Amino acid sequence: MHFISLLIINILFLIMRKILLASLFLLASATTFAGGYRVGLQGQRALAMGHTGVAYVNTAELAFFNPAGLVYLENKLNVSAGGFGVFSSVAWQNENTGQYAKTDSPMGTPFYLYGSYAATEWMSLGLAVYTPYGSTVEWPTDWAGSHLVNNIELAAIFIQPLVSLKINDVMSIGGGPIFVTGNVNFNRNANRTLTDLDGNRSNITVDDSGVTNWGWSLGALFNVTDSFRIGAHYRSEIILESTEGTATFADFPNSPLTPSNGETSFQASLPLPAELTVGLSYDCEKWVFNFDYTRTFWDVYEDLDIIFGNGRESINPRNYDNSSIYKFGVGYAPSDKFTLRAGYYYDQTPIKSGYFAPETPRNDSNGFTAGLSYDISNSFAIDASFLYVRFKEINESYDYVDDGSSFGGTYKSSAFIPGVGLTYKL
Amino acid sequence: MKNYIKILALSSVFLAACEAELENPIEDGGVYTSGSADFSNYVAVGNSLTSGYADGALYITGQENSFPNILAGQFALVGGGEFTQPLVNDNLGGLLANGNQITENRFVLTVDAQGNPAPARLSGTPTTEIGNILTGPFNNMGVPGAKSFHLIAPGYGNIAGVSAGAANPYFVRFASSPNATVIEDAAAQSPSFFSLWIGNNDILSYATSGGVGVDQTGNLNPASYGSNDITDPNVFASVYSQEVNALSASASGGVLFNIPDVTSIPFFTTVPNNALVLDASQAASLTGFFQAVAGIFIQGAIQQGVPAAQAQALGAQYAIQFNPGPNRFIIDVPVTQTNPLGFRQMTENELLLLTINQGALRTQGYGSVALSPEVLQVLGKLQQGGTPTPQEAGLVLAAVNGIDDKDALDTSELSAIATAQAAYNATISGIAQANGLALVDARATLQQLANGGISYDAGTLTSTFATGGAFSLDGVHPTPRGYAYLANLAIDAINSTYGSTVPKVNIGDYNTITASQAN
């Protein structure tokens, strides 16, 4: 029995490596739909309940939501894996000028893979692979805001080995180091007007992949009563510093007055902010109720500055604010085989008024979630979830364009996100 | 499998329905209104300013930024239809007739070996052969070079007349037949809305030639005019009203533009008339030179029997005083009894053309004196109290190097231009009023650009040559940003005349001059 479990874990690792080699980034990029470029889609069961789970002991999804809970999972081996299809779009218009545009972003497919193994009664080991940050936004090339973004693709994969320790019957802790590998591809026009002789807009693409760094997370879980738990989980900030990528200058005119066409190096850093979640979970026969509060420390994102190897630079103030997410979830199991879930969250934008840039055009949003699980066998369950993110129409602008102008208008975003996953326990 | 496809189709319908949708989308119409105007078929008639001509040539990106094309883009939000333009073949801009280049390529902003930016013609062989007649009709009927009376002249698009100057190569490219007139081809499209901006060249070609043409005021036969002449205001009034009538026949409305002052165009305001900058010793020696000229003149006049007092009085005008610092240039004028030597110092309001040889102004004494060693020798002799021989005196007089008529607009030329312009503009505003048409006061706008400028979301648009943003490198025609501003003025005038709510463009989105090496 032990041997089989270890074998499965080994196979899991092998599969993971293989998937990683097969360029996970194609999958990982997702259109942003949470504040900033946070992608809150880290488990079917959690998402179906408003993306709650810091105090909810149910599956290996705890590896993300609160590794302290892994040690309480009943089974020796627990695996959760799944993915989402993110269908999102943004519409923009400016009634002063009559300009309008809509994004044509490809489907984003964030995914997760969690496993835990109960090594002893008081210690579980685990592994988590997840994609909490990313953004894919494609505006029509040369649209009215093309001096800010034509298209951006941002993805980060977190890989985290975990240990979960039961301190006593009341309390457990869990956590582990996080290895992050990220990539970015970002194209925008040089400014609002520069073209070559044939009228092609001068533009710059920055591209880098395999940008890595380390972080950590640590959680704690308290069993207040048999059916009432309180949890807390902190994930550290991780700054991705891109230094090895290439910046491609294209369609600049042939003139000493403008940058030359061709490739050069660039330096930029993008913070993946720290996140603190506290929450509670209450079990009552067939029902479960969750509430999570998440604080994301976006104030680390002060500016997006790109320093090019040819001496040019692009300074883009961001000045994000720390932001909060309030999440509610409920689960109901009408039978042994079925569980139904629903949830809601309110997601505050970190973007200050006047800093609303079209590469992350996100205002406050309301998320409505639902989902179900069906146990195929004693070991396997299929999980499905659905999220509809509703944004209010908003009049906003980015007032820090380097020529002194402001780019704004009316924005409306929406996102529909179906997801499916598997839960395995042994 | 069938089911699978069904599900896929269903889900794609579902997902399309899930796209973000604004409450009041511009895309679906209904945000803006056309008022009493019908923009479904807009036809623009005029000269280079309507065609999108810029940087001394007609090229594709210039045409794409013509003010009528920008207007049509906004009209599309209030029921405007497709807007076609007779695009040239490339972005070099020169024209070919039977393979021979007949107009020059565009200007670009180049940088020389010392790092100094300067306009230069883009090199390369253009590919727009005027013999390749395009199939129209075209909504943009702007014909570079056209004067008011050309629009109703049969044969203006006949290729056979191009070399003789009787036809216009730009119109040849898209005239519906060799004998068609511009107005006929425009009216045949039954425009629902039109713009007309014509009459600029009726004074401008006189002005840009430095006034070498003739003021034809009083001559009612335009067939007898030379290309650089000023059109008689009555001729203008007559053809202008014919043109407006022809365009109005089918139209719900239209917009007219009046004629700007030449003094607000960088072609005439860039080279200052007082750029003769001297230090104290240069000023003293130049003053001495002209005292010598005056002395020689007086002596010669007296020798020829002119009474001494009269000779003194006449000669005094040549003893021009120069001061340290900037001084106005010397200009050649017709020889008259009161100015027998035919030169004088420029007056404050007289203008130099952008095309003047600025190197010669700086280094060859153009606009003052071309001093040769021989002349200096004579001056030395004079200084020591010697009397020059007639030959030596002639050398000194010939050294006066006044600016040629073709390089400057003098007071009388400026006044001829202003008189005709005022008459044209009175005609235009009268006809606009009589026909209930919108009117753009282009004259006032260009004055504003020349005096302080117009602010936009990233700076100020001015008429300063090359850097001001409003004028292209030919110094006469606007940049795309300048054309966008004109389009906005037209929108203002149209909205207030017809009660429409056409939105204006953001002129900061439009380019100015293009930097590029010439080859």
# chains A, B, ... in the order shown; residues from 1 in each chain; ligands from 1
$ interface_residues --of "chain B" --to "chain A" --cutoff "7 Å" --atoms "only C-alpha atoms" --output "short mmCIF file (atom, residue, chain, number, x, y, z; two decimals) with C-alpha atoms, in the first residue's frame"
data_model
loop_
_atom_site.label_atom_id
_atom_site.label_comp_id
_atom_site.auth_asym_id
_atom_site.auth_seq_id
_atom_site.Cartn_x
_atom_site.Cartn_y
_atom_site.Cartn_z
CA GLU B 19 -19.20 39.36 -24.51
CA ALA B 20 -18.87 42.57 -22.60
CA GLU B 21 -21.50 44.97 -23.81
CA LEU B 22 -21.65 48.66 -22.98
CA ILE B 26 -21.35 53.74 -30.08
CA THR B 61 -0.67 58.40 -45.88
CA ASN B 91 4.32 57.24 -50.24
CA VAL B 111 19.40 64.81 -40.32
CA ASP B 457 -4.12 67.19 -24.88
CA ALA B 458 -0.34 66.95 -25.19
CA PRO B 503 -18.12 63.92 -32.30
CA LYS B 504 -14.75 65.54 -32.88
CA VAL B 505 -11.48 63.66 -33.18
CA ASN B 506 -8.61 63.92 -30.72
CA ASP B 509 -3.91 61.02 -32.19
CA TYR B 510 -2.71 62.43 -35.51
CA ASN B 511 0.85 62.59 -36.74
CA ALA B 515 11.37 61.96 -39.79
CA SER B 516 13.32 59.87 -42.26
CA GLN B 517 16.58 59.95 -44.07
#
$ residues_around --residues "range 377-387 of chain A" --least-positions-apart "6" --cutoff "12 Å" --atoms "only C-alpha atoms" --output "PyMOL selection string"
chain A and resi 33-34+40-51+59+61+75-88+336-345+366-371+414-426
$ residues_around --residues "range 28-43 of chain B" --least-positions-apart "3" --cutoff "9 Å" --atoms "only C-alpha atoms" --output "MDAnalysis selection string"
(chainID A and resid 95 98) or (chainID B and resid 24:25 68 72 75:83 138:141 186:187 189:196 247 251:254 494:495 497:503)
$ select_by_dssp --residues "range 156-315 of chain B" --states "strand (DSSP E or B)" --output "PyMOL selection string"
chain B and resi 193-197+215+230+253-257+276-278
$ closest_residue --among "A:Asn151, A:Thr205, A:Asn316, A:Asn223" --to "Ser265 in chain A" --atoms "only C-alpha atoms"
A:Thr205
$ residues_around --residues "Gly342 in chain B" --least-positions-apart "5" --cutoff "6 Å" --atoms "only C-alpha atoms" --output "JSON, numbers by chain"
{"B": [332, 333, 334, 335]}
$ select_by_dssp --residues "range 157-392 of chain B" --states "alpha helix (DSSP H)" --output "PyMOL selection string"
chain B and resi 169-172+182-187+200-208+233-248+266-269+280-303+308-316+358-363+373-383+390-392
$ atom_distance --atom1 "CA of Tyr240 in chain B" --atom2 "CA of Tyr156 in chain B"
16.8 Å
